[in-house]
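Q: One structure, as C-alpha cells, below. Some questions next.
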Amino acid sequence: MWLRRAELYRQHKDLRAAEADYAKAGELDPRLDAVGLGLARLRLAQGRERDALGLLDGFIAKQPDHAEGRALRAEILERRGSWKKADADLAAAVAASTEPHFVTQRAQLLERHGQPEAAARCLDEASKRRGRLPVLEQHALDIEERAGLTDAALRRLEFFAGCEPRPDIWLARTARLLGKAGRGAEAREAWGKAAAAFEKIPAARRSLAANRKLGAEIAAGNSPK
C-alpha cells in the first residue's frame, strides 16, 4: 500500500509525501527492491541525478532483467556522456521485454550517436523476434532515409511495396527518394509503377481527400517531362 501511494504522490508532484511513503515501504519490507526504483525516479524529479544513478545501480544489481530500470538508467548515462553504456542497458532492456518502445528508444539512441546502420539492424532484429512488426521496420526505413542510406532504404521500400495492401504509397515514396538521390530515370519508372498501382484502387476510395492528394502527386511525377 505504501509503495503504491508513494508512486501516486510522485506522479502528482507531491514529492515530500512520496518521500515519506517510500521510506515507510522500505522500513516495512527492506527486501522490497521496487523501493529503490521508485526512489530513483523521485531523485530525478528532485533534480538529484547522481543520487538517482546510484540507486539504479543498486536496483539493477539485484534485478538485472528489469527493463524499465535499465531504460531509466540509460537515459541518465546518455545525459552524462556515456552513450555506449546507455546502449548496453537498452540492449538488455530489449532482451528482457517484449515492449517495442524499448527497441525504438535504443534505435533513437544509436541514431543520435551516428550509428544509423546499427539502429536499423536493432529494429529489424526485434521485428523478426516478434513475428514481424511493420511499425519497427518503418522506423528503420525512416532512419535509413535520414542517414542517406539510399540503397538500403530502396530495398526496404521494395519489400513493403510487395507485401503491404497499398503498394502505390510505397512506390510513390520510392520515386521521391530516387528523385532526391538524383536518379531521375529510376524515379520516373517508379512513378509509372505507382500510377498503375493507384489506378487499381476503387474509384470511391481514390476520391477521398488523402488519396486525391497522393493521386495528384503521382500524376505529376508520371507526366512526360
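So you can find residues: chains in the C-alpha cells are A, B, ... in the order shown, residues in each start at 1, and ligands are numbered from 1 in order.
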So which bits of range 5-208 of chain A end up alpha helix (DSSP H) when you DSSP the backbone, as a PyMOL selection string?

A: chain A and resi 5-11+15-28+34-45+49-62+67-79+83-96+100-112+116-129+134-146+150-163+167-180+184-199+203-206

Q: Include C-alpha atoms and write out the residues we just selected as a compact mmCIF listing (two decimals), in the first residue's frame.

A:
```txt
# COMPACT_ATOMS: atom_id res chain seq x y z
CA ARG A 5 0.68 5.51 -2.66
CA ALA A 6 4.26 6.79 -2.95
CA GLU A 7 4.08 6.27 -6.72
CA LEU A 8 0.82 8.20 -6.89
CA TYR A 9 2.26 11.06 -4.85
CA ARG A 10 5.35 11.16 -7.11
CA GLN A 11 3.24 11.19 -10.26
CA LEU A 15 7.49 14.84 -3.66
CA ARG A 16 7.62 15.29 0.11
CA ALA A 17 4.68 12.92 0.65
CA ALA A 18 6.20 10.46 -1.83
CA GLU A 19 9.50 10.52 0.07
CA ALA A 20 7.74 9.68 3.34
CA ASP A 21 5.79 6.77 1.83
CA TYR A 22 8.85 5.30 0.10
CA ALA A 23 10.66 5.43 3.44
CA LYS A 24 7.75 3.69 5.15
CA ALA A 25 7.57 1.00 2.45
CA GLY A 26 11.30 0.33 2.79
CA GLU A 27 11.04 0.21 6.58
CA LEU A 28 8.23 -2.35 6.47
CA ALA A 34 10.94 -1.70 -6.07
CA VAL A 35 11.52 0.95 -3.40
CA GLY A 36 14.95 1.59 -4.92
CA LEU A 37 13.46 2.12 -8.36
CA GLY A 38 10.77 4.42 -7.01
CA LEU A 39 13.32 6.44 -5.06
CA ALA A 40 15.47 6.74 -8.19
CA ARG A 41 12.53 8.25 -10.05
CA LEU A 42 11.89 10.56 -7.11
CA ARG A 43 15.53 11.72 -7.05
CA LEU A 44 15.29 12.53 -10.76
CA ALA A 45 12.16 14.58 -10.11
CA GLU A 49 20.60 12.80 -10.95
CA ARG A 50 23.76 11.40 -9.33
CA ASP A 51 21.76 10.01 -6.43
CA ALA A 52 19.25 8.51 -8.87
CA LEU A 53 22.06 6.79 -10.75
CA GLY A 54 23.43 5.28 -7.55
CA LEU A 55 20.01 3.95 -6.61
CA LEU A 56 19.55 2.47 -10.08
CA ASP A 57 22.94 0.79 -9.91
CA GLY A 58 21.86 -0.94 -6.71
CA PHE A 59 18.44 -1.84 -8.07
CA ILE A 60 19.81 -3.32 -11.32
CA ALA A 61 22.45 -5.30 -9.43
CA LYS A 62 19.54 -7.11 -7.75
CA ALA A 67 13.66 -3.42 -18.48
CA GLU A 68 12.27 -0.17 -17.06
CA GLY A 69 15.15 0.16 -14.62
CA ARG A 70 17.65 -0.40 -17.41
CA ALA A 71 15.94 2.12 -19.70
CA LEU A 72 15.80 4.75 -16.96
CA ARG A 73 19.50 4.31 -16.20
CA ALA A 74 20.25 4.53 -19.92
CA GLU A 75 18.65 7.98 -20.06
CA ILE A 76 20.87 9.20 -17.24
CA LEU A 77 24.02 7.61 -18.66
CA GLU A 78 23.48 9.23 -22.05
CA ARG A 79 22.99 12.65 -20.47
CA TRP A 83 26.14 6.61 -24.54
CA LYS A 84 27.80 3.23 -25.10
CA LYS A 85 26.94 2.19 -21.54
CA ALA A 86 23.44 3.51 -22.17
CA ASP A 87 23.23 1.35 -25.29
CA ALA A 88 24.26 -1.71 -23.27
CA ASP A 89 21.45 -1.01 -20.82
CA LEU A 90 18.92 -0.59 -23.61
CA ALA A 91 20.11 -3.79 -25.31
CA ALA A 92 19.45 -5.57 -22.02
CA ALA A 93 16.01 -3.95 -21.77
CA VAL A 94 15.15 -5.10 -25.30
CA ALA A 95 16.26 -8.64 -24.48
CA ALA A 96 14.22 -8.68 -21.26
CA PRO A 100 8.51 -2.30 -28.64
CA HIS A 101 9.14 1.10 -27.08
CA PHE A 102 12.43 -0.15 -25.61
CA VAL A 103 13.51 -1.07 -29.14
CA THR A 104 12.64 2.36 -30.52
CA GLN A 105 14.38 4.01 -27.57
CA ARG A 106 17.56 2.10 -28.38
CA ALA A 107 17.30 2.86 -32.11
CA GLN A 108 16.90 6.57 -31.36
CA LEU A 109 19.97 6.50 -29.11
CA LEU A 110 22.06 4.81 -31.81
CA GLU A 111 20.88 7.24 -34.47
CA ARG A 112 21.65 10.24 -32.25
CA PRO A 116 22.19 4.51 -38.30
CA GLU A 117 23.04 1.05 -39.63
CA ALA A 118 23.11 -0.37 -36.09
CA ALA A 119 19.85 1.45 -35.32
CA ALA A 120 18.10 -0.09 -38.33
CA ARG A 121 19.58 -3.50 -37.54
CA CYS A 122 18.30 -3.50 -33.97
CA LEU A 123 14.80 -2.62 -35.22
CA ASP A 124 14.89 -5.41 -37.81
CA GLU A 125 16.10 -7.98 -35.29
CA ALA A 126 13.41 -7.02 -32.81
CA SER A 127 10.74 -7.16 -35.51
CA LYS A 128 11.79 -10.69 -36.50
CA ARG A 129 11.79 -11.88 -32.89
CA PRO A 134 5.80 -3.26 -39.54
CA VAL A 135 5.97 -0.21 -37.26
CA LEU A 136 9.55 -1.12 -36.30
CA GLU A 137 10.53 -1.78 -39.92
CA GLN A 138 9.05 1.55 -40.98
CA HIS A 139 11.04 3.27 -38.25
CA ALA A 140 14.16 1.61 -39.70
CA LEU A 141 13.22 2.97 -43.13
CA ASP A 142 12.91 6.49 -41.72
CA ILE A 143 16.38 6.18 -40.18
CA GLU A 144 17.91 4.93 -43.43
CA GLU A 145 16.37 7.79 -45.39
CA ARG A 146 17.56 10.42 -42.90
CA THR A 150 19.57 5.15 -50.13
CA ASP A 151 20.17 1.61 -51.36
CA ALA A 152 19.19 0.09 -48.01
CA ALA A 153 16.04 2.23 -47.95
CA LEU A 154 15.17 1.22 -51.52
CA ARG A 155 15.47 -2.47 -50.68
CA ARG A 156 13.14 -1.94 -47.77
CA LEU A 157 10.67 0.02 -49.88
CA GLU A 158 10.65 -2.74 -52.49
CA PHE A 159 9.75 -5.20 -49.75
CA PHE A 160 6.91 -3.00 -48.47
CA ALA A 161 5.54 -2.43 -51.97
CA GLY A 162 5.38 -6.18 -52.46
CA CYS A 163 3.60 -7.12 -49.26
CA PRO A 167 1.75 -0.59 -52.94
CA ASP A 168 1.07 2.81 -54.53
CA ILE A 169 2.06 4.54 -51.27
CA TRP A 170 5.40 2.75 -51.11
CA LEU A 171 6.10 3.14 -54.83
CA ALA A 172 5.46 6.89 -54.56
CA ARG A 173 7.86 7.07 -51.63
CA THR A 174 10.39 5.13 -53.70
CA ALA A 175 10.03 7.65 -56.52
CA ARG A 176 10.52 10.58 -54.14
CA LEU A 177 13.66 9.02 -52.69
CA LEU A 178 15.11 8.29 -56.13
CA GLY A 179 14.37 11.86 -57.20
CA LYS A 180 16.18 13.26 -54.16
CA GLY A 184 15.81 10.63 -62.45
CA ALA A 185 15.25 7.72 -64.84
CA GLU A 186 14.61 5.31 -61.98
CA ALA A 187 12.34 7.84 -60.31
CA ARG A 188 10.22 8.18 -63.45
CA GLU A 189 9.93 4.39 -63.66
CA ALA A 190 8.82 4.26 -60.02
CA TRP A 191 6.23 6.99 -60.62
CA GLY A 192 4.86 4.90 -63.51
CA LYS A 193 4.53 1.86 -61.26
CA ALA A 194 2.89 3.99 -58.58
CA ALA A 195 0.38 5.28 -61.14
CA ALA A 196 -0.50 1.75 -62.25
CA ALA A 197 -0.97 0.64 -58.64
CA PHE A 198 -3.07 3.72 -57.83
CA GLU A 199 -5.43 3.01 -60.71
CA ALA A 203 -12.78 4.93 -57.65
CA ALA A 204 -14.72 5.66 -54.45
CA ARG A 205 -11.55 5.34 -52.40
CA ARG A 206 -9.47 7.32 -54.88
```

Q: For a test of reading the model, state the distance in Å between CA of Ala210 in chain A and CA of Pro165 in chain A, rounded to one decimal.

A: 16.0 Å

Q: Counting only C-alpha atoms, figure out which residue out of A:Gly221, A:Arg130, A:Arg80, A:Ala209 gets nearest to Glu99 in chain A.

A: A:Arg130

Q: For the atom pair CA of Ala220 in chain A and CA of Arg166 in chain A, what is the interatomic distance in Å to one decimal place?

A: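 If I compute the distance from CA of Ala220 in chain A to CA of Arg166 in chain A, I get 19.1 Å.
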
Q: I'd like the interatomic distance between CA of Gly131 in chain A and CA of Ile201 in chain A, to a tenth of an Å.

A: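 Interatomic distance here is 28.6 Å.
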